[in-house]
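Asker: I am sharing query_30.tsv, which consists of TSV, C-alpha atoms and all ligand atoms:
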```tsv
chain	number	residue	atom	x	y	z
R	1257	MET	CA	109.69	127.11	83.42
R	1258	LYS	CA	112.72	125.95	81.51
R	1259	ASN	CA	114.47	124.35	84.48
R	1260	LYS	CA	113.58	120.82	85.49
R	1261	ILE	CA	111.60	120.46	88.72
R	1262	ALA	CA	112.32	118.12	91.65
R	1263	PHE	CA	109.73	117.55	94.41
R	1264	ILE	CA	111.52	116.46	97.58
R	1265	THR	CA	109.76	115.24	100.72
R	1266	GLY	CA	111.57	115.61	104.03
R	1267	ALA	CA	113.82	118.43	102.83
R	1268	THR	CA	114.26	120.02	106.26
R	1269	SER	CA	117.05	117.66	107.29
R	1270	GLY	CA	119.49	114.93	106.32
R	1271	ILE	CA	119.17	113.19	102.95
R	1272	GLY	CA	116.28	115.34	101.72
R	1273	LYS	CA	118.04	118.59	102.55
R	1274	ALA	CA	121.30	117.48	100.92
R	1275	SER	CA	119.34	116.39	97.84
R	1276	ALA	CA	117.53	119.73	97.61
R	1277	GLU	CA	120.91	121.47	97.76
R	1278	LEU	CA	122.44	119.28	95.04
R	1279	PHE	CA	119.44	119.48	92.70
R	1280	ALA	CA	119.41	123.27	93.12
R	1281	LYS	CA	123.16	123.41	92.47
R	1282	ASN	CA	122.53	121.49	89.25
R	1283	GLY	CA	119.92	123.95	88.01
R	1284	TYR	CA	116.71	122.27	89.10
R	1285	ASN	CA	113.88	124.30	90.56
R	1286	VAL	CA	112.89	122.52	93.75
R	1287	ILE	CA	109.68	121.94	95.68
R	1288	ILE	CA	110.78	121.34	99.25
R	1289	THR	CA	108.48	119.87	101.88
R	1290	GLY	CA	108.46	119.11	105.59
R	1291	ARG	CA	106.68	119.98	108.83
R	1292	ARG	CA	109.26	122.43	110.20
R	1293	LYS	CA	108.27	125.69	108.53
R	1294	ASP	CA	111.22	127.73	109.84
R	1295	ARG	CA	113.69	125.27	108.31
R	1296	LEU	CA	111.83	125.26	104.99
R	1297	GLU	CA	111.96	129.05	104.86
R	1298	GLU	CA	115.65	129.13	105.75
R	1299	LEU	CA	116.50	126.51	103.10
R	1300	SER	CA	114.32	128.25	100.54
R	1301	ASN	CA	116.16	131.57	101.06
R	1302	HIS	CA	119.54	129.86	100.96
R	1303	LEU	CA	118.86	127.93	97.73
R	1304	THR	CA	117.27	130.89	95.96
R	1305	SER	CA	120.10	133.28	96.75
R	1306	THR	CA	122.95	130.79	96.23
R	1307	TYR	CA	121.85	129.02	93.05
R	1308	LYS	CA	119.47	131.55	91.41
R	1309	ILE	CA	116.81	128.92	90.95
R	1310	ASP	CA	113.17	128.96	92.05
R	1311	VAL	CA	111.99	127.23	95.21
R	1312	LEU	CA	108.45	126.35	96.27
R	1313	PRO	CA	108.29	125.44	99.97
R	1314	LEU	CA	105.26	123.36	100.98
R	1315	ASN	CA	104.67	122.92	104.68
R	1316	PHE	CA	102.61	119.83	105.53
R	1317	ASP	CA	102.61	116.49	107.32
R	1318	VAL	CA	102.80	113.52	104.93
R	1319	ARG	CA	100.65	111.47	107.32
R	1320	ILE	CA	97.62	113.71	106.88
R	1321	LEU	CA	95.92	112.94	103.57
R	1322	LYS	CA	93.92	116.18	103.52
R	1323	GLU	CA	97.11	118.23	103.96
R	1324	VAL	CA	98.89	116.28	101.21
R	1325	GLU	CA	95.95	116.68	98.82
R	1326	ALA	CA	95.55	120.40	99.56
R	1327	ALA	CA	99.28	121.11	99.14
R	1328	ILE	CA	99.53	119.31	95.82
R	1329	LYS	CA	96.17	120.54	94.48
R	1330	PHE	CA	97.29	124.14	94.91
R	1331	ILE	CA	100.70	123.78	93.27
R	1332	PRO	CA	100.76	126.62	90.71
R	1333	ASP	CA	100.41	125.45	87.08
R	1334	ASN	CA	103.98	126.47	86.23
R	1335	TRP	CA	105.24	124.06	88.93
R	1336	LYS	CA	103.28	121.02	87.76
R	1337	ASN	CA	105.80	119.71	85.25
R	1338	ILE	CA	107.56	117.64	87.93
R	1339	HIS	CA	110.51	115.64	86.60
R	1340	VAL	CA	111.62	113.97	89.81
R	1341	LEU	CA	109.72	112.99	92.94
R	1342	LEU	CA	112.04	112.05	95.80
R	1343	ASN	CA	109.98	110.08	98.32
R	1344	ASN	CA	112.34	110.57	101.25
R	1345	ALA	CA	110.36	111.70	104.33
R	1346	GLY	CA	110.55	108.95	106.89
R	1347	LEU	CA	111.66	107.93	110.33
R	1348	ALA	CA	112.34	105.19	112.80
R	1349	ALA	CA	110.73	105.53	116.22
R	1350	GLY	CA	112.28	103.41	118.94
R	1351	LEU	CA	113.97	100.05	118.88
R	1352	GLY	CA	112.39	97.19	120.81
R	1353	THR	CA	110.86	93.74	120.75
R	1354	ILE	CA	107.47	93.09	119.20
R	1355	GLN	CA	106.05	91.98	122.56
R	1356	GLU	CA	106.96	95.28	124.17
R	1357	GLY	CA	106.20	97.45	121.16
R	1358	VAL	CA	104.99	101.01	121.64
R	1359	MET	CA	101.81	101.49	119.59
R	1360	ASP	CA	102.37	105.18	119.03
R	1361	ASP	CA	105.86	104.46	117.60
R	1362	TRP	CA	104.44	101.77	115.31
R	1363	GLU	CA	101.71	104.06	114.07
R	1364	ARG	CA	104.11	106.95	113.42
R	1365	MET	CA	106.39	104.70	111.35
R	1366	ILE	CA	103.58	103.05	109.39
R	1367	ASP	CA	101.78	106.35	108.81
R	1368	THR	CA	104.91	108.18	107.68
R	1369	ASN	CA	107.01	105.60	105.85
R	1370	MET	CA	104.19	103.70	104.15
R	1371	LYS	CA	100.99	105.72	104.10
R	1372	GLY	CA	102.75	109.09	103.68
R	1373	LEU	CA	104.77	107.78	100.75
R	1374	LEU	CA	101.55	106.39	99.23
R	1375	TYR	CA	99.60	109.64	99.73
R	1376	ILE	CA	102.35	111.64	98.04
R	1377	THR	CA	102.73	109.20	95.17
R	1378	ARG	CA	98.96	108.92	94.60
R	1379	ASN	CA	98.79	112.71	94.20
R	1380	ILE	CA	101.95	113.31	92.15
R	1381	ALA	CA	101.74	110.32	89.77
R	1382	PRO	CA	98.66	111.69	87.94
R	1383	LEU	CA	100.53	114.95	87.30
R	1384	MET	CA	103.45	112.97	85.87
R	1385	ILE	CA	101.08	110.91	83.74
R	1386	ALA	CA	99.51	114.11	82.38
R	1387	ASN	CA	103.00	115.46	81.65
R	1388	GLY	CA	103.96	112.26	79.83
R	1389	HIS	CA	107.12	111.72	81.88
R	1390	GLY	CA	108.53	111.49	85.39
R	1391	HIS	CA	110.89	109.71	87.73
R	1392	ILE	CA	109.93	108.54	91.22
R	1393	ILE	CA	112.88	107.83	93.50
R	1394	ASN	CA	111.98	106.06	96.74
R	1395	ILE	CA	114.34	106.11	99.69
R	1396	GLY	CA	114.12	102.62	101.18
R	1397	SER	CA	116.79	101.20	103.48
R	1398	ILE	CA	118.99	98.20	104.11
R	1399	ALA	CA	116.17	97.61	106.64
R	1400	GLY	CA	113.94	96.94	103.62
R	1401	LYS	CA	116.23	94.11	102.53
R	1402	GLU	CA	117.08	92.53	105.89
R	1403	VAL	CA	115.51	92.36	109.33
R	1404	TYR	CA	117.54	93.03	112.47
R	1405	ALA	CA	116.76	92.41	116.15
R	1406	ASN	CA	114.33	94.96	117.59
R	1407	GLY	CA	113.85	96.59	114.18
R	1408	ASN	CA	110.60	94.70	113.45
R	1409	VAL	CA	108.15	97.46	112.49
R	1410	TYR	CA	110.68	99.88	110.96
R	1411	CYS	CA	112.02	96.99	108.86
R	1412	ALA	CA	108.46	96.08	107.86
R	1413	THR	CA	107.76	99.62	106.67
R	1414	LYS	CA	110.94	99.61	104.58
R	1415	HIS	CA	110.12	96.16	103.18
R	1416	ALA	CA	106.82	97.73	102.17
R	1417	VAL	CA	108.71	100.51	100.37
R	1418	ASP	CA	110.67	97.78	98.56
R	1419	ALA	CA	107.40	96.15	97.42
R	1420	LEU	CA	105.79	99.46	96.50
R	1421	ASN	CA	108.83	100.41	94.48
R	1422	LYS	CA	108.40	97.25	92.40
R	1423	GLY	CA	104.64	97.70	92.11
R	1424	MET	CA	104.89	101.34	91.07
R	1425	ARG	CA	107.38	100.45	88.36
R	1426	ILE	CA	104.93	97.99	86.81
R	1427	ASP	CA	101.92	100.31	87.05
R	1428	LEU	CA	103.71	103.39	85.75
R	1429	LEU	CA	105.66	101.66	82.97
R	1430	PRO	CA	103.10	102.50	80.26
R	1431	HIS	CA	103.29	106.17	81.27
R	1432	ASN	CA	107.00	106.75	80.70
R	1433	ILE	CA	107.63	107.12	84.44
R	1434	LYS	CA	110.81	105.63	85.84
R	1435	VAL	CA	110.82	104.19	89.37
R	1436	THR	CA	113.96	103.65	91.44
R	1437	ALA	CA	114.72	102.68	95.02
R	1438	ILE	CA	117.85	103.75	96.87
R	1439	ASN	CA	118.48	101.69	100.00
R	1440	PRO	CA	121.15	103.10	102.30
R	1441	GLY	CA	122.95	101.59	105.26
R	1442	MET	CA	124.04	103.91	108.06
R	1443	VAL	CA	123.83	107.60	107.15
R	1444	GLU	CA	124.60	110.17	109.82
R	1445	THR	CA	121.62	112.54	109.86
R	1446	GLU	CA	119.01	113.35	112.49
R	1447	PHE	CA	117.65	109.82	111.95
R	1448	SER	CA	119.05	108.30	115.16
R	1449	VAL	CA	118.24	111.37	117.27
R	1450	VAL	CA	114.63	111.00	116.11
R	1451	ARG	CA	114.69	107.22	116.63
R	1452	PHE	CA	115.90	107.68	120.22
R	1453	ASN	CA	113.49	110.50	120.93
R	1454	GLY	CA	116.06	113.29	121.19
R	1455	ASP	CA	118.75	111.31	123.06
R	1456	GLU	CA	121.80	112.74	121.28
R	1457	GLU	CA	124.34	110.65	123.22
R	1458	ARG	CA	122.62	107.39	122.29
R	1459	ALA	CA	122.33	108.58	118.69
R	1460	LYS	CA	126.08	109.36	118.53
R	1461	ASN	CA	126.90	105.83	119.65
R	1462	VAL	CA	125.26	104.40	116.51
R	1463	TYR	CA	128.08	105.92	114.43
R	1464	LYS	CA	130.85	105.66	117.03
R	1465	GLY	CA	134.21	104.37	115.73
R	1466	LEU	CA	133.20	104.20	112.08
R	1467	GLN	CA	132.74	106.44	109.08
R	1468	PRO	CA	129.05	106.38	108.20
R	1469	LEU	CA	127.65	107.59	104.90
R	1470	LEU	CA	126.97	111.31	104.70
R	1471	PRO	CA	123.65	112.69	103.46
R	1472	GLU	CA	125.60	114.16	100.53
R	1473	ASP	CA	126.62	110.62	99.46
R	1474	ILE	CA	122.97	109.71	99.06
R	1475	ALA	CA	122.16	113.02	97.36
R	1476	GLU	CA	124.87	112.32	94.76
R	1477	THR	CA	123.35	108.90	94.16
R	1478	VAL	CA	119.88	110.41	93.77
R	1479	LEU	CA	121.13	112.96	91.25
R	1480	TRP	CA	123.09	110.29	89.35
R	1481	VAL	CA	119.99	108.09	89.14
R	1482	ALA	CA	117.89	111.04	87.97
R	1483	SER	CA	120.38	112.05	85.29
R	1484	ARG	CA	120.73	108.73	83.42
R	1485	PRO	CA	119.80	108.86	79.74
R	1486	ALA	CA	116.10	108.46	78.87
R	1487	HIS	CA	116.53	104.80	77.89
R	1488	VAL	CA	118.20	103.81	81.19
R	1489	ASN	CA	116.49	103.16	84.53
R	1490	ILE	CA	118.26	102.17	87.72
R	1491	ASN	CA	115.78	99.87	89.46
R	1492	ASP	CA	117.36	99.40	92.85
R	1493	ILE	CA	120.52	100.39	94.69
R	1494	ILE	CA	121.93	99.29	98.05
R	1495	ILE	CA	124.53	101.76	99.26
R	1496	MET	CA	126.54	101.16	102.41
R	1497	PRO	CA	129.47	102.68	104.30
R	1498	SER	CA	132.62	100.80	103.24
R	1499	VAL	CA	132.95	99.49	106.80
R	1500	GLN	CA	129.40	98.09	106.95
R	1501	ALA	CA	128.63	94.71	105.35
R	1502	ASN	CA	124.98	94.39	106.33
R	1503	SER	CA	122.52	95.61	108.97
R	1504	THR	CA	124.42	93.97	111.83
R	1505	THR	CA	128.03	93.71	110.69
R	1506	ALA	CA	130.32	96.73	110.80
R	1507	ILE	CA	133.96	97.31	111.65
R	1508	ARG	CA	134.48	99.84	114.44
R	1509	LYS	CA	137.76	101.23	115.72
I	1	LIG	P1	116.28	112.98	109.12
I	1	LIG	O1	115.59	112.77	110.42
I	1	LIG	O2	117.51	113.79	109.11
I	1	LIG	O3	115.24	113.57	108.07
I	1	LIG	C1	113.93	113.07	107.97
I	1	LIG	C2	113.08	114.02	107.15
I	1	LIG	O4	111.76	113.46	107.04
I	1	LIG	C3	112.94	115.39	107.78
I	1	LIG	O5	113.07	116.38	106.78
I	1	LIG	C4	111.53	115.39	108.34
I	1	LIG	O6	110.97	116.69	108.27
I	1	LIG	C5	110.82	114.47	107.35
I	1	LIG	N1	109.60	113.92	107.95
I	1	LIG	C6	109.53	113.01	108.95
I	1	LIG	N2	108.24	112.81	109.29
I	1	LIG	C7	107.50	113.60	108.48
I	1	LIG	C8	106.12	113.85	108.35
I	1	LIG	N3	105.20	113.23	109.12
I	1	LIG	N4	105.68	114.74	107.42
I	1	LIG	C9	106.58	115.37	106.64
I	1	LIG	N5	107.90	115.18	106.69
I	1	LIG	C10	108.36	114.30	107.62
I	1	LIG	O7	116.59	111.49	108.57
I	1	LIG	P2	117.21	110.95	107.18
I	1	LIG	O8	117.56	112.06	106.28
I	1	LIG	O9	118.23	109.96	107.55
I	1	LIG	O10	115.94	110.16	106.65
I	1	LIG	C11	115.45	110.29	105.32
I	1	LIG	C12	114.99	108.92	104.83
I	1	LIG	O11	116.11	108.06	104.75
I	1	LIG	C13	113.99	108.22	105.73
I	1	LIG	O12	112.99	107.63	104.91
I	1	LIG	C14	114.81	107.13	106.41
I	1	LIG	O13	114.03	106.03	106.78
I	1	LIG	C15	115.78	106.80	105.30
I	1	LIG	N6	117.01	106.11	105.70
I	1	LIG	C16	117.87	106.69	106.59
I	1	LIG	C17	119.03	106.03	106.93
I	1	LIG	C18	119.98	106.58	107.94
I	1	LIG	O14	120.83	105.80	108.44
I	1	LIG	N7	119.92	107.87	108.26
I	1	LIG	C19	119.39	104.74	106.32
I	1	LIG	C20	118.41	104.25	105.40
I	1	LIG	C21	117.28	104.92	105.09
I	1	LIG	P3	110.09	117.40	109.42
I	1	LIG	O15	110.48	116.79	110.73
I	1	LIG	O16	110.44	118.85	109.30
I	1	LIG	O17	108.69	117.12	109.03
I	2	LIG	C1	118.17	103.14	108.54
I	2	LIG	C2	119.28	102.17	108.61
I	2	LIG	O1	120.17	100.08	109.78
I	2	LIG	O2	119.10	101.77	111.17
I	2	LIG	O3	117.20	102.76	107.65
I	2	LIG	O4	117.79	100.39	109.76
I	2	LIG	S1	119.06	101.06	109.89
```
I need this file expressed as structure tokens, please.
Ligand code: NDP
Ligand code: 8X3
Answerer:
Amino acid sequence: MKNKIAFITGATSGIGKASAELFAKNGYNVIITGRRKDRLEELSNHLTSTYKIDVLPLNFDVRILKEVEAAIKFIPDNWKNIHVLLNNAGLAAGLGTIQEGVMDDWERMIDTNMKGLLYITRNIAPLMIANGHGHIINIGSIAGKEVYANGNVYCATKHAVDALNKGMRIDLLPHNIKVTAINPGMVETEFSVVRFNGDEERAKNVYKGLQPLLPEDIAETVLWVASRPAHVNINDIIIMPSVQANSTTAIRK
């Protein structure tokens, strides 16, 4: 394959979907992943017909190691020269104090944001090492830099991404693999609908009276990071809406 290849987790929505679109628009072949098969198929058809690139949809749950291993093991040989891995799949589940925490929410966040990212990386990094190059871009969060009230476990998972980003960079340095974290503030996606368990009204209030980032803003940042010259690596970016100073300070109309 002469086109570069980007492997994007969580491409069925939000930041991952916008990134798949932008990489495809810029001539990358894309491996798109997620649990919602219908959305993967729809996106695959759209990208193939619009941008005349190749798409490999892989339908699995990042929390299930066997599914991750099977999906990556059976990637066809001509798809193994992966240039960019975008570790994006993730979620927040709920918002509450530690003393009233919901175990199932904690486990979903830890299993997806930390263990899922690790399972993917553990299986893709050896391919990149064999190829002699690669770039891993981890989507962290402002929640990986600060802790806000009731955000305890989500913030912990994103602090873990921050640490893993640094650790990966050290371990993969001898293998010509770049590692970058992009840490956004508020981005309007399905994130808050998922966090509030489908409560669309509550989700809308998160962005009420302000202009949040759009998923396309993050996609542009991802593509910019991935397209720096070979001798340049962007280690870490915090990207916020102009009206948001930190996790808890924003100007609303
Ligand atoms: P969305 O809910 O719009 O997208 C999340 C994506 O992750 C979906 O494609 C979803 O696919 C995928 N995903 C979730 N769980 C799993 C799983 N178990 N297995 C496979 N895929 C999974 O949210 P965003 O686009 O906003 O979120 C993307 C990343 O950005 C997350 O890591 C989030 O923490 C981070 N982030 C978001 C911010 C925001 O304000 N929106 C700010 C900072 C960081 P499917 O359900 O089909 O499996
Ligand atoms: C998502 C942003 O502020 O809700 O990571 O934690 S925030």
Asker: Please extract the residues at most 7 Å from ligand LIG 2 (chain I), counting all atoms listed in the file, and provide them as a ChimeraX atom specification, using the chain letters and residue numbers of this document.
Answerer: /R:1397-1399,1411,1440-1442,1503
Asker: Can those selected residues be exported to a file as a JSON list (two decimals), in the frame of the given file so that it contains C-alpha atoms?
Answerer:
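Once everything was written out, this is part_12.json:
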```json
[["chain", "number", "residue", "atom", "x", "y", "z"],
["R", 1397, "SER", "CA", 116.79, 101.20, 103.48],
["R", 1398, "ILE", "CA", 118.99, 98.20, 104.11],
["R", 1399, "ALA", "CA", 116.17, 97.61, 106.64],
["R", 1411, "CYS", "CA", 112.02, 96.99, 108.86],
["R", 1440, "PRO", "CA", 121.15, 103.10, 102.30],
["R", 1441, "GLY", "CA", 122.95, 101.59, 105.26],
["R", 1442, "MET", "CA", 124.04, 103.91, 108.06],
["R", 1503, "SER", "CA", 122.52, 95.61, 108.97]]
```
Asker: Of the residues R:Ile1320, R:Val1449, R:Leu1429, R:Leu1470, which is the one nearest to Gly1390 (chain R), using all atoms listed in the file?
Answerer: R:Leu1429
Asker: Quick one: pull the distance between CA of Gly1423 (chain R) and CA of Ile1331 (chain R), Å, one decimal.
Answerer: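 Computing the Euclidean distance for CA of Gly1423 (chain R) and CA of Ile1331 (chain R) yields 26.4 Å.
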Asker: Taking all atoms listed in the file into account, which residues are within 6 Å of ligand LIG 1 (chain I), as a PyMOL selection string?
Answerer: chain R and resi 1266-1272+1290-1292+1317-1319+1344-1347+1368+1395-1397+1439-1447
Asker: Can you pull out every residue within 9 Å of Gly1388 (chain R), counting all atoms listed in the file, but drop anything in the same chain fewer than 4 positions away, and send it as a list in words?
Answerer: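 Once the adjacent positions are removed, what remains is Leu1383, Met1384, His1431, Asn1432 and Ile1433 of chain R.
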Asker: Skip Lys1464 (chain R) itself and residues of its chain fewer than 6 positions away, then list as a VMD selection string all residues within 12 Å of it, counting all atoms listed in the file.
Answerer: chain R and resid 1442 1444 1457 to 1458 1506 to 1509
Asker: Draw an axis-aligned box over all listed atoms of region 1436-1453 of chain R, pad each side with 5 Å, and write its centre and edge lengths in Å, one decimal, as lines of an AutoDock Vina configuration file.
Answerer:
```
center_x = 119.0
center_y = 107.5
center_z = 106.2
size_x = 21.1
size_y = 21.8
size_z = 39.5
```
Asker: When you draw a straight line from CA of Leu1321 (chain R) to CA of Met1370 (chain R), how long is it in Å?
Answerer: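 CA of Leu1321 (chain R) sits 12.4 Å away from CA of Met1370 (chain R).
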Asker: When you look at Met1424 (chain R) with a cut-off of 8 Å (counting all atoms listed in the file), what residues show up, excluding the ones that are within fewer than 4 positions of it in the same chain? I need them as a list in words.
Answerer: Leu1420, Leu1428 and Val1435 of chain R
Asker: I'd like to know which of R:Ala1501, R:Leu1351, R:Val1409, R:Ile1392 is closest to Met1365 (chain R), using only C-alpha atoms.
Answerer: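 Under the stated criterion, the closest residue is R:Val1409.
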Asker: I need the residue nearest Thr1504 (chain R) from this list: R:Trp1362, R:Tyr1404, R:Tyr1284, R:Tyr1307. Use all atoms listed in the file for the distance.
Answerer: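 Looking at the shortest contact to Thr1504 (chain R), the residue is R:Tyr1404.
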Asker: To one decimal place, how far is CA of Arg1295 (chain R) from CA of Thr1377 (chain R) in Å?
Answerer: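 Separating CA of Arg1295 (chain R) from CA of Thr1377 (chain R) is a distance of 23.5 Å.
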Asker: When you look at Leu1341 (chain R) with a cut-off of 8 Å (counting all atoms listed in the file), what residues show up, excluding the ones that are within fewer than 6 positions of it in the same chain? I need them as a list in words.
Answerer: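 The residues that qualify are Ala1262, Phe1263, Ile1264, Ile1380, Gly1390, His1391, Ile1392 and Ile1393 of chain R.
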Asker: Nearest to Lys1422 (chain R): which of R:Asn1491, R:Ser1448, R:Thr1477, R:Asn1285 is it, counting all atoms listed in the file?
Answerer: R:Asn1491
Asker: Rank nothing, just name the residue among R:Val1462, R:Ile1354, R:Ala1437, R:Val1403 nearest to Ile1493 (chain R), using only C-alpha atoms.
Answerer: R:Ala1437
Asker: Taking (110.1, 125.6, 98.8) in the coordinates of the supplied file, I want to know which residues reach to within 6 Å of it, counting only C-alpha atoms; could you give the answer as a ChimeraX atom specification?
Answerer: /R:1287-1288,1300,1311-1314
Asker: Which of these, R:Val1499, R:Trp1480, R:Ile1438, R:Arg1451, has the shortest distance to Gln1467 (chain R) once you count all atoms listed in the file?
Answerer: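 Between R:Val1499, R:Trp1480, R:Ile1438, R:Arg1451, the residue approaching Gln1467 (chain R) most closely is R:Val1499.
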Asker: Env of Val1488 (chain R): 10 Å cut, atoms = only C-alpha atoms, seq-sep filter 6 positions within chain, self excluded. Answer as a list in words.
Answerer: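 Here the answer would be Lys1434, Val1481 and Ala1482 of chain R.
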